[in-house]
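What follows is coords_14.cif (mmCIF, C-alpha atoms).
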data_target
loop_
_atom_site.label_atom_id
_atom_site.label_comp_id
_atom_site.auth_asym_id
_atom_site.auth_seq_id
_atom_site.Cartn_x
_atom_site.Cartn_y
_atom_site.Cartn_z
CA MET A 1 18.26 -14.80 -17.67
CA VAL A 2 18.26 -11.00 -17.55
CA SER A 3 21.65 -9.32 -18.01
CA SER A 4 23.00 -7.16 -15.20
CA SER A 5 22.81 -4.02 -17.34
CA ARG A 6 19.14 -4.65 -18.16
CA LEU A 7 18.45 -5.31 -14.50
CA ASP A 8 20.09 -2.01 -13.58
CA ASP A 9 17.83 -0.29 -16.10
CA ALA A 10 14.82 -2.09 -14.64
CA TYR A 11 15.63 -0.96 -11.12
CA ARG A 12 16.12 2.62 -12.31
CA TYR A 13 12.72 2.45 -13.99
CA CYS A 14 11.18 1.30 -10.70
CA GLU A 15 12.75 4.21 -8.88
CA GLY A 16 11.32 6.69 -11.36
CA LEU A 17 7.89 5.10 -11.15
CA VAL A 18 7.76 5.28 -7.35
CA ARG A 19 9.23 8.79 -7.31
CA ASP A 20 6.59 10.08 -9.72
CA HIS A 21 3.54 8.20 -8.47
CA ASP A 22 4.09 7.16 -4.82
CA ARG A 23 6.08 10.06 -3.46
CA ASP A 24 5.68 9.23 0.23
CA ARG A 25 7.12 5.75 -0.13
CA TRP A 26 9.87 7.05 -2.42
CA LEU A 27 10.95 9.58 0.22
CA ALA A 28 11.03 6.81 2.82
CA ASP A 29 12.95 4.45 0.53
CA GLU A 30 15.60 7.12 -0.06
CA LEU A 31 16.59 6.71 3.60
CA LEU A 32 17.21 2.96 3.34
CA PRO A 33 20.72 1.49 3.07
CA GLU A 34 21.97 2.02 -0.47
CA GLN A 35 22.55 -1.66 -1.22
CA LYS A 36 18.94 -2.49 -0.26
CA ARG A 37 17.16 0.61 -1.56
CA ARG A 38 16.54 -0.54 -5.10
CA HIS A 39 14.91 -3.74 -3.89
CA ALA A 40 12.43 -1.79 -1.76
CA LEU A 41 11.71 0.42 -4.75
CA ALA A 42 11.04 -2.66 -6.89
CA ILE A 43 8.50 -3.91 -4.34
CA HIS A 44 6.80 -0.52 -4.15
CA ALA A 45 6.79 -0.19 -7.94
CA PHE A 46 5.04 -3.55 -8.17
CA SER A 47 2.47 -2.37 -5.62
CA TYR A 48 1.80 0.72 -7.72
CA GLU A 49 1.43 -1.34 -10.89
CA ALA A 50 -1.14 -3.57 -9.19
CA ALA A 51 -3.02 -0.63 -7.68
CA ARG A 52 -3.31 1.27 -10.95
CA ILE A 53 -4.92 -1.52 -12.98
CA ARG A 54 -8.41 -0.16 -12.19
CA GLU A 55 -7.40 3.25 -13.59
CA THR A 56 -6.42 1.78 -16.95
CA ILE A 57 -9.47 -0.37 -17.69
CA HIS A 58 -13.11 0.23 -18.60
CA GLU A 59 -14.33 -3.31 -17.89
CA ALA A 60 -13.32 -5.88 -15.31
CA MET A 61 -12.18 -8.61 -17.71
CA PRO A 62 -9.05 -6.81 -19.01
CA GLY A 63 -8.13 -6.19 -15.39
CA GLU A 64 -8.56 -9.86 -14.56
CA ILE A 65 -6.28 -10.74 -17.47
CA ARG A 66 -3.64 -8.29 -16.28
CA LEU A 67 -3.76 -9.60 -12.73
CA GLN A 68 -3.38 -13.15 -14.02
CA TRP A 69 -0.36 -12.09 -16.08
CA TRP A 70 1.28 -10.80 -12.90
CA ILE A 71 0.40 -13.94 -10.97
CA ASP A 72 1.90 -16.12 -13.70
CA ALA A 73 5.01 -13.93 -13.81
CA ILE A 74 5.58 -14.25 -10.07
CA GLU A 75 4.86 -17.96 -9.97
CA GLY A 76 7.23 -18.53 -12.87
CA GLU A 77 4.68 -19.66 -15.42
CA ALA A 78 4.81 -16.64 -17.75
CA ARG A 79 7.38 -16.61 -20.53
CA GLY A 80 9.11 -14.16 -22.81
CA ASP A 81 7.57 -10.81 -22.02
CA VAL A 82 8.29 -10.98 -18.27
CA ALA A 83 11.95 -10.07 -18.67
CA ALA A 84 10.92 -7.21 -20.95
CA HIS A 85 8.72 -5.68 -18.24
CA PRO A 86 11.07 -3.66 -16.01
CA VAL A 87 8.98 -3.87 -12.84
CA ALA A 88 8.43 -7.61 -13.22
CA ALA A 89 12.13 -8.18 -13.92
CA ALA A 90 13.23 -6.16 -10.87
CA LEU A 91 10.63 -7.73 -8.58
CA ILE A 92 11.48 -11.29 -9.58
CA ASP A 93 15.19 -10.57 -9.15
CA THR A 94 14.46 -9.21 -5.66
CA ILE A 95 12.33 -12.25 -4.76
CA ARG A 96 15.11 -14.59 -5.85
CA HIS A 97 17.92 -12.60 -4.24
CA PHE A 98 16.29 -12.59 -0.79
CA SER A 99 14.24 -15.80 -1.06
CA LEU A 100 11.04 -13.84 -0.44
CA ARG A 101 7.68 -15.59 -0.25
CA ARG A 102 6.05 -15.47 -3.67
CA SER A 103 2.71 -16.18 -2.00
CA GLY A 104 2.66 -12.75 -0.38
CA PHE A 105 2.84 -11.00 -3.74
CA VAL A 106 0.28 -13.35 -5.27
CA ASN A 107 -2.09 -12.69 -2.37
CA LEU A 108 -1.70 -8.96 -2.99
CA LEU A 109 -2.79 -9.46 -6.58
CA GLU A 110 -5.72 -11.64 -5.54
CA ALA A 111 -6.87 -8.95 -3.10
CA ARG A 112 -6.68 -6.36 -5.88
CA ARG A 113 -9.45 -8.20 -7.73
CA PHE A 114 -11.81 -6.29 -5.47
CA ASP A 115 -10.66 -3.06 -7.12
CA LEU A 116 -11.92 -4.17 -10.52
CA TYR A 117 -15.58 -4.20 -9.50
CA ASP A 118 -18.03 -1.68 -8.04
CA ASP A 119 -19.07 -3.72 -5.01
CA ALA A 120 -18.84 -1.95 -1.67
CA MET A 121 -16.44 -3.30 0.97
CA PRO A 122 -18.76 -5.49 3.09
CA THR A 123 -17.39 -5.15 6.63
CA LEU A 124 -14.63 -3.57 8.68
CA ASN A 125 -13.09 -7.02 9.06
CA ASP A 126 -13.02 -7.37 5.26
CA LEU A 127 -11.39 -3.96 4.94
CA GLU A 128 -8.68 -4.85 7.44
CA GLY A 129 -8.08 -8.11 5.59
CA TYR A 130 -7.76 -6.22 2.31
CA ALA A 131 -5.32 -3.80 3.94
CA GLY A 132 -3.29 -6.69 5.27
CA GLU A 133 -2.96 -8.31 1.86
CA THR A 134 -2.19 -5.08 -0.03
CA ALA A 135 -0.14 -3.00 2.42
CA SER A 136 1.06 -5.17 5.32
CA VAL A 137 2.85 -7.48 2.90
CA LEU A 138 4.95 -4.56 1.64
CA PHE A 139 6.18 -3.69 5.14
CA LEU A 140 6.91 -7.35 5.86
CA GLU A 141 8.82 -8.15 2.67
CA ILE A 142 10.91 -4.98 2.82
CA ALA A 143 11.71 -5.70 6.47
CA GLN A 144 13.00 -9.10 5.37
CA VAL A 145 15.07 -7.50 2.62
CA LEU A 146 16.69 -5.19 5.17
CA CYS A 147 17.66 -7.96 7.58
CA ASP A 148 18.54 -10.53 4.90
CA GLY A 149 15.92 -13.00 5.98
CA ALA A 150 12.80 -13.58 8.01
CA ASP A 151 12.41 -11.73 11.29
CA PRO A 152 9.79 -13.74 13.21
CA LYS A 153 8.74 -10.60 15.10
CA ALA A 154 8.16 -8.50 11.99
CA ALA A 155 4.82 -10.04 11.06
CA ASP A 156 2.88 -8.48 13.94
CA ALA A 157 4.32 -5.03 13.31
CA ALA A 158 3.72 -5.34 9.57
CA GLY A 159 0.14 -6.49 10.07
CA HIS A 160 -0.84 -3.46 12.11
CA ALA A 161 1.33 -1.08 10.08
CA GLY A 162 -0.33 -2.10 6.84
CA VAL A 163 -3.83 -1.60 8.22
CA ALA A 164 -2.96 1.83 9.63
CA TYR A 165 -1.30 2.93 6.40
CA ALA A 166 -3.95 1.53 4.07
CA LEU A 167 -6.94 2.85 6.02
CA THR A 168 -5.37 6.30 6.04
CA GLY A 169 -4.68 6.17 2.32
CA LEU A 170 -8.17 4.94 1.47
CA MET A 171 -9.77 7.74 3.47
CA ARG A 172 -7.58 10.26 1.69
CA ALA A 173 -8.59 8.81 -1.69
CA LEU A 174 -12.32 8.63 -0.88
CA PRO A 175 -13.26 11.52 -3.23
CA ILE A 176 -11.40 9.84 -6.11
CA HIS A 177 -12.86 6.41 -5.42
CA ALA A 178 -16.42 7.78 -5.11
CA ARG A 179 -16.15 9.27 -8.61
CA ARG A 180 -15.12 5.81 -9.87
CA ASN A 181 -18.08 4.14 -8.08
CA GLN A 182 -15.67 2.44 -5.66
CA VAL A 183 -16.66 2.27 -1.99
CA TYR A 184 -13.98 1.11 0.44
CA ILE A 185 -15.78 2.43 3.53
CA PRO A 186 -17.31 -0.73 5.03
CA ALA A 187 -21.00 -1.20 4.26
CA ASP A 188 -21.74 -2.35 7.81
CA LEU A 189 -20.43 0.93 9.24
CA LEU A 190 -22.30 2.92 6.62
CA LYS A 191 -25.56 1.10 7.35
CA ALA A 192 -25.23 1.74 11.08
CA SER A 193 -25.19 5.47 10.27
CA GLY A 194 -28.06 5.33 7.81
CA ILE A 195 -25.86 5.55 4.71
CA GLU A 196 -26.06 3.42 1.59
CA PRO A 197 -23.03 2.80 -0.68
CA ASP A 198 -24.83 4.74 -3.43
CA ASP A 199 -24.92 7.77 -1.12
CA VAL A 200 -21.11 7.71 -1.10
CA ARG A 201 -20.94 7.26 -4.86
CA GLN A 202 -23.23 10.27 -5.31
CA GLY A 203 -21.51 12.41 -2.68
CA ARG A 204 -24.53 12.49 -0.35
CA LYS A 205 -24.95 12.46 3.47
CA ALA A 206 -21.60 14.10 4.15
CA GLU A 207 -22.45 14.87 7.77
CA GLU A 208 -23.33 11.26 8.57
CA LEU A 209 -20.29 10.03 6.67
CA ALA A 210 -18.05 12.32 8.72
CA GLY A 211 -18.97 10.31 11.82
CA VAL A 212 -18.07 7.03 10.10
CA LEU A 213 -14.74 8.44 8.98
CA SER A 214 -14.00 9.62 12.53
CA ALA A 215 -14.42 6.05 13.75
CA LEU A 216 -12.16 4.79 10.96
CA ARG A 217 -9.49 7.33 11.89
CA ASP A 218 -9.59 6.01 15.45
CA GLN A 219 -9.23 2.49 14.06
CA ALA A 220 -6.19 3.50 12.00
CA ALA A 221 -4.62 5.26 14.98
CA GLY A 222 -5.14 2.17 17.14
CA HIS A 223 -3.36 -0.02 14.61
CA LEU A 224 -0.54 2.51 14.39
CA ASP A 225 -0.05 2.34 18.17
CA LYS A 226 0.08 -1.46 18.02
CA ALA A 227 2.57 -1.36 15.16
CA LEU A 228 4.86 0.99 17.06
CA ALA A 229 4.71 -1.21 20.14
CA ALA A 230 5.63 -4.27 18.07
CA LEU A 231 8.50 -2.42 16.40
CA ALA A 232 10.30 -2.19 19.73
CA GLU A 233 10.81 -5.97 19.69
CA MET A 234 12.12 -6.23 16.12
CA ASP A 235 15.55 -6.62 14.56
CA PRO A 236 16.87 -3.03 14.38
CA ARG A 237 17.99 -3.57 10.79
CA ALA A 238 14.37 -4.15 9.72
CA LYS A 239 12.88 -1.07 11.37
CA PRO A 240 13.52 1.41 8.52
CA ALA A 241 11.02 -0.60 6.44
CA PHE A 242 8.39 1.10 8.58
CA LEU A 243 9.43 4.69 7.84
CA PRO A 244 6.27 5.37 5.76
CA LEU A 245 4.35 5.25 9.05
CA ALA A 246 5.77 8.71 9.71
CA PHE A 247 2.96 10.13 7.58
CA VAL A 248 -0.01 8.35 9.18
CA THR A 249 -0.64 10.64 12.16
CA PRO A 250 -0.19 13.90 10.18
CA TYR A 251 -2.58 12.63 7.50
CA LEU A 252 -5.13 11.59 10.11
CA LYS A 253 -4.99 15.07 11.63
CA THR A 254 -5.47 16.63 8.21
CA LEU A 255 -8.37 14.29 7.46
CA ALA A 256 -10.06 15.29 10.71
CA LYS A 257 -10.32 18.86 9.36
CA ALA A 258 -11.29 17.90 5.80
CA ALA A 259 -14.72 17.53 4.22
CA PRO A 260 -15.47 13.88 3.30
CA TYR A 261 -15.88 14.66 -0.40
CA GLY A 262 -13.40 17.50 -0.52
CA PRO A 263 -9.92 17.58 -2.08
CA VAL A 264 -7.50 14.77 -1.22
CA ALA A 265 -5.95 15.53 2.17
CA GLU A 266 -2.27 16.43 1.87
CA ILE A 267 0.79 17.30 3.92
CA SER A 268 3.07 20.12 2.83
CA ALA A 269 5.94 18.75 0.75
CA TRP A 270 8.54 20.56 2.86
CA ARG A 271 7.28 18.82 6.05
CA LYS A 272 7.67 15.27 4.77
CA PRO A 273 11.47 14.92 5.02
CA LEU A 274 11.30 16.41 8.51
CA LEU A 275 8.57 13.96 9.54
CA LEU A 276 10.66 11.06 8.26
CA TRP A 277 13.75 12.28 10.08
CA ARG A 278 11.88 12.64 13.38
CA PHE A 279 10.19 9.29 13.01
CA GLY A 280 13.45 7.62 12.08
CA ARG A 281 15.05 8.85 15.30
CA ARG A 282 12.29 7.11 17.26
CA LEU A 283 12.86 3.72 15.62
#
Is it possible to express this structure as structure tokens?
Amino acid sequence: MVSSSRLDDAYRYCEGLVRDHDRDRWLADELLPEQKRRHALAIHAFSYEAARIRETIHEAMPGEIRLQWWIDAIEGEARGDVAAHPVAAALIDTIRHFSLRRSGFVNLLEARRFDLYDDAMPTLNDLEGYAGETASVLFLEIAQVLCDGADPKAADAAGHAGVAYALTGLMRALPIHARRNQVYIPADLLKASGIEPDDVRQGRKAEELAGVLSALRDQAAGHLDKALAALAEMDPRAKPAFLPLAFVTPYLKTLAKAAPYGPVAEISAWRKPLLLWRFGRRL
């Protein structure tokens, strides 16, 4: 059993981690009700920890071991060092406090196995499935935290929201992923445009790739529209979980003007609070 003071420290650690490494979600979490905010930050800190495993390894096996540690921690099979890991301690406390589905977090970790290897994403359907497991689950679980239980109408909104958010983020990170030999742009779309995954890894065929990315931006925008339509039917208390969607359209517009292998597309820091405020008024 983790003491309340150690749990407070763990939640503060999660806040600092999200603030420093996932600024967009941190800004959105700052607008959540105070009594729920730290639980959203714990979920987002866990997501960051899972996403960064590829950055910290040189071979797949250590990454597999780390993913299994997280799976065991969430399923309750790990011992001892779990309570000492601040993100694990805060996440498990959040899961218990709100009776969240452990399977959603385990599925996220299973999906992150793809990150450990250099295989290209096979199809658009595979990419959307990956986005659902790694991003949609975050919207869904935080929505349930905000309304103290399951909202049966949140799943549809979360599904589309996660795909819109993840596709946008993956397109922004394309230059970084290419340097790591990672290809998240679906191989079937690449092939249809005469592009091989190795072309992306080597930064070739930028003009052809621009057409593929345009189609992916349309796909992300379509999922965003569906998410917003579904939000209208949801428990109002759960809607702030979807505040990160405020950044999708501005990022897509920035990506439309960016070179495929250029710098990571950004939004001016001063605009982000304003975008969140405007989006929040629409919810």
### Protein, DNA and RNA residues within 10 Å of (16.9, -13.1, -18.7), all atoms listed in the file, as a list in words
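Output: Met1, Val2, Ser3, Ser4, Arg6, Leu7, Gly80, Val82, Ala83, Ala84 and Ala89 of chain A.
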### Query
Counting only C-alpha atoms, which of A:Met121, A:Ile74, A:Ala157, A:Val18 gets nearest to Pro197 (chain A)?
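Of the candidates, the smallest distance to Pro197 (chain A) is held by A:Met121.
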#### Entry: Residues matched by the PyMOL selection byres ((chain A and resi 205-208) around 9) as a PyMOL selection string
chain A and resi 190+193-195+199-200+203-204+209-212+259-261
### Test item: residues at most 10 Å from Pro236 (chain A), all atoms listed in the file, excluding those fewer than 6 positions along its chain, as number ranges by chain
A: 143, 146-147, 283
#### Entry: region 262-265 of chain A environment, 12 Å, only C-alpha atoms, sequence neighbours closer than 4 positions dropped, as a VMD selection string
chain A and resid 168 to 179 203 206 210 247 to 248 250 to 258
Can you spell out as a CSV table (one decimal) with C-alpha atoms, in the frame of the given file the set of residues that the PyMOL selection byres ((chain A and resi 241) around 7) selects in the structure I just provided?
chain,number,residue,atom,x,y,z
A,139,PHE,CA,6.2,-3.7,5.1
A,142,ILE,CA,10.9,-5.0,2.8
A,143,ALA,CA,11.7,-5.7,6.5
A,238,ALA,CA,14.4,-4.2,9.7
A,239,LYS,CA,12.9,-1.1,11.4
A,240,PRO,CA,13.5,1.4,8.5
A,242,PHE,CA,8.4,1.1,8.6
A,243,LEU,CA,9.4,4.7,7.8
### Task
Can you give me, as a list in words, the residues this file yields under the PyMOL selection byres ((chain A and resi 53) around 9)?
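After applying the PyMOL selection byres ((chain A and resi 53) around 9), what remains is Tyr48, Glu49, Ala50, Ala51, Arg52, Arg54, Glu55, Thr56, Ile57, Gly63, Arg66, Leu67, Arg112, Asp115 and Leu116 of chain A.
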### Nearest candidate to Lys191 (chain A) (options A:Ala42, A:Ala120, A:Ala155, A:Met234; using all atoms listed in the file)
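Counting all atoms listed in the file, the residue closest to Lys191 (chain A) is A:Ala120.
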#### Entry: Distance in Å - CA of Arg201 (chain A) versus CA of Asp119 (chain A)
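We find that CA of Arg201 (chain A) and CA of Asp119 (chain A) lie 11.1 Å from each other.
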### Task
For Leu127 (chain A), work out the shell of residues within 8 Å, counting only C-alpha atoms and skipping chain neighbours fewer than 3 positions away, then give it as an MDAnalysis selection string.
chainID A and resid 121:124 130:131 184:186
### Message
Report, in Å to a single decimal, how far apart CA of Ala135 (chain A) and CA of Gly104 (chain A) are.
### Response
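So the two atoms, CA of Gly104 (chain A) and CA of Ala135 (chain A), lie 10.5 Å apart.
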### Protein and nucleic acid residues near (4.1, -14.3, -3.4) (cut-off 12 Å, all atoms listed in the file) as a VMD selection string
chain A and resid 43 46 70 to 76 91 to 92 94 to 96 99 to 110 133 to 134 137 to 138 140 to 141
Selected residues, C-alpha atoms, written as a PDB file, in the coordinates of the input, please.
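File written: again_5.pdb
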ATOM      1  CA  ILE A  43       8.500  -3.910  -4.340  1.00  0.00           C
ATOM      2  CA  PHE A  46       5.040  -3.550  -8.170  1.00  0.00           C
ATOM      3  CA  TRP A  70       1.280 -10.800 -12.900  1.00  0.00           C
ATOM      4  CA  ILE A  71       0.400 -13.940 -10.970  1.00  0.00           C
ATOM      5  CA  ASP A  72       1.900 -16.120 -13.700  1.00  0.00           C
ATOM      6  CA  ALA A  73       5.010 -13.930 -13.810  1.00  0.00           C
ATOM      7  CA  ILE A  74       5.580 -14.250 -10.070  1.00  0.00           C
ATOM      8  CA  GLU A  75       4.860 -17.960  -9.970  1.00  0.00           C
ATOM      9  CA  GLY A  76       7.230 -18.530 -12.870  1.00  0.00           C
ATOM     10  CA  LEU A  91      10.630  -7.730  -8.580  1.00  0.00           C
ATOM     11  CA  ILE A  92      11.480 -11.290  -9.580  1.00  0.00           C
ATOM     12  CA  THR A  94      14.460  -9.210  -5.660  1.00  0.00           C
ATOM     13  CA  ILE A  95      12.330 -12.250  -4.760  1.00  0.00           C
ATOM     14  CA  ARG A  96      15.110 -14.590  -5.850  1.00  0.00           C
ATOM     15  CA  SER A  99      14.240 -15.800  -1.060  1.00  0.00           C
ATOM     16  CA  LEU A 100      11.040 -13.840  -0.440  1.00  0.00           C
ATOM     17  CA  ARG A 101       7.680 -15.590  -0.250  1.00  0.00           C
ATOM     18  CA  ARG A 102       6.050 -15.470  -3.670  1.00  0.00           C
ATOM     19  CA  SER A 103       2.710 -16.180  -2.000  1.00  0.00           C
ATOM     20  CA  GLY A 104       2.660 -12.750  -0.380  1.00  0.00           C
ATOM     21  CA  PHE A 105       2.840 -11.000  -3.740  1.00  0.00           C
ATOM     22  CA  VAL A 106       0.280 -13.350  -5.270  1.00  0.00           C
ATOM     23  CA  ASN A 107      -2.090 -12.690  -2.370  1.00  0.00           C
ATOM     24  CA  LEU A 108      -1.700  -8.960  -2.990  1.00  0.00           C
ATOM     25  CA  LEU A 109      -2.790  -9.460  -6.580  1.00  0.00           C
ATOM     26  CA  GLU A 110      -5.720 -11.640  -5.540  1.00  0.00           C
ATOM     27  CA  GLU A 133      -2.960  -8.310   1.860  1.00  0.00           C
ATOM     28  CA  THR A 134      -2.190  -5.080  -0.030  1.00  0.00           C
ATOM     29  CA  VAL A 137       2.850  -7.480   2.900  1.00  0.00           C
ATOM     30  CA  LEU A 138       4.950  -4.560   1.640  1.00  0.00           C
ATOM     31  CA  LEU A 140       6.910  -7.350   5.860  1.00  0.00           C
ATOM     32  CA  GLU A 141       8.820  -8.150   2.670  1.00  0.00           C
TER      33      GLU A 141
END
#### Entry: One-decimal distance in Å that lies between CA of Val163 (chain A) and CA of Gly129 (chain A)
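CA of Val163 (chain A) lies 8.2 Å from CA of Gly129 (chain A).
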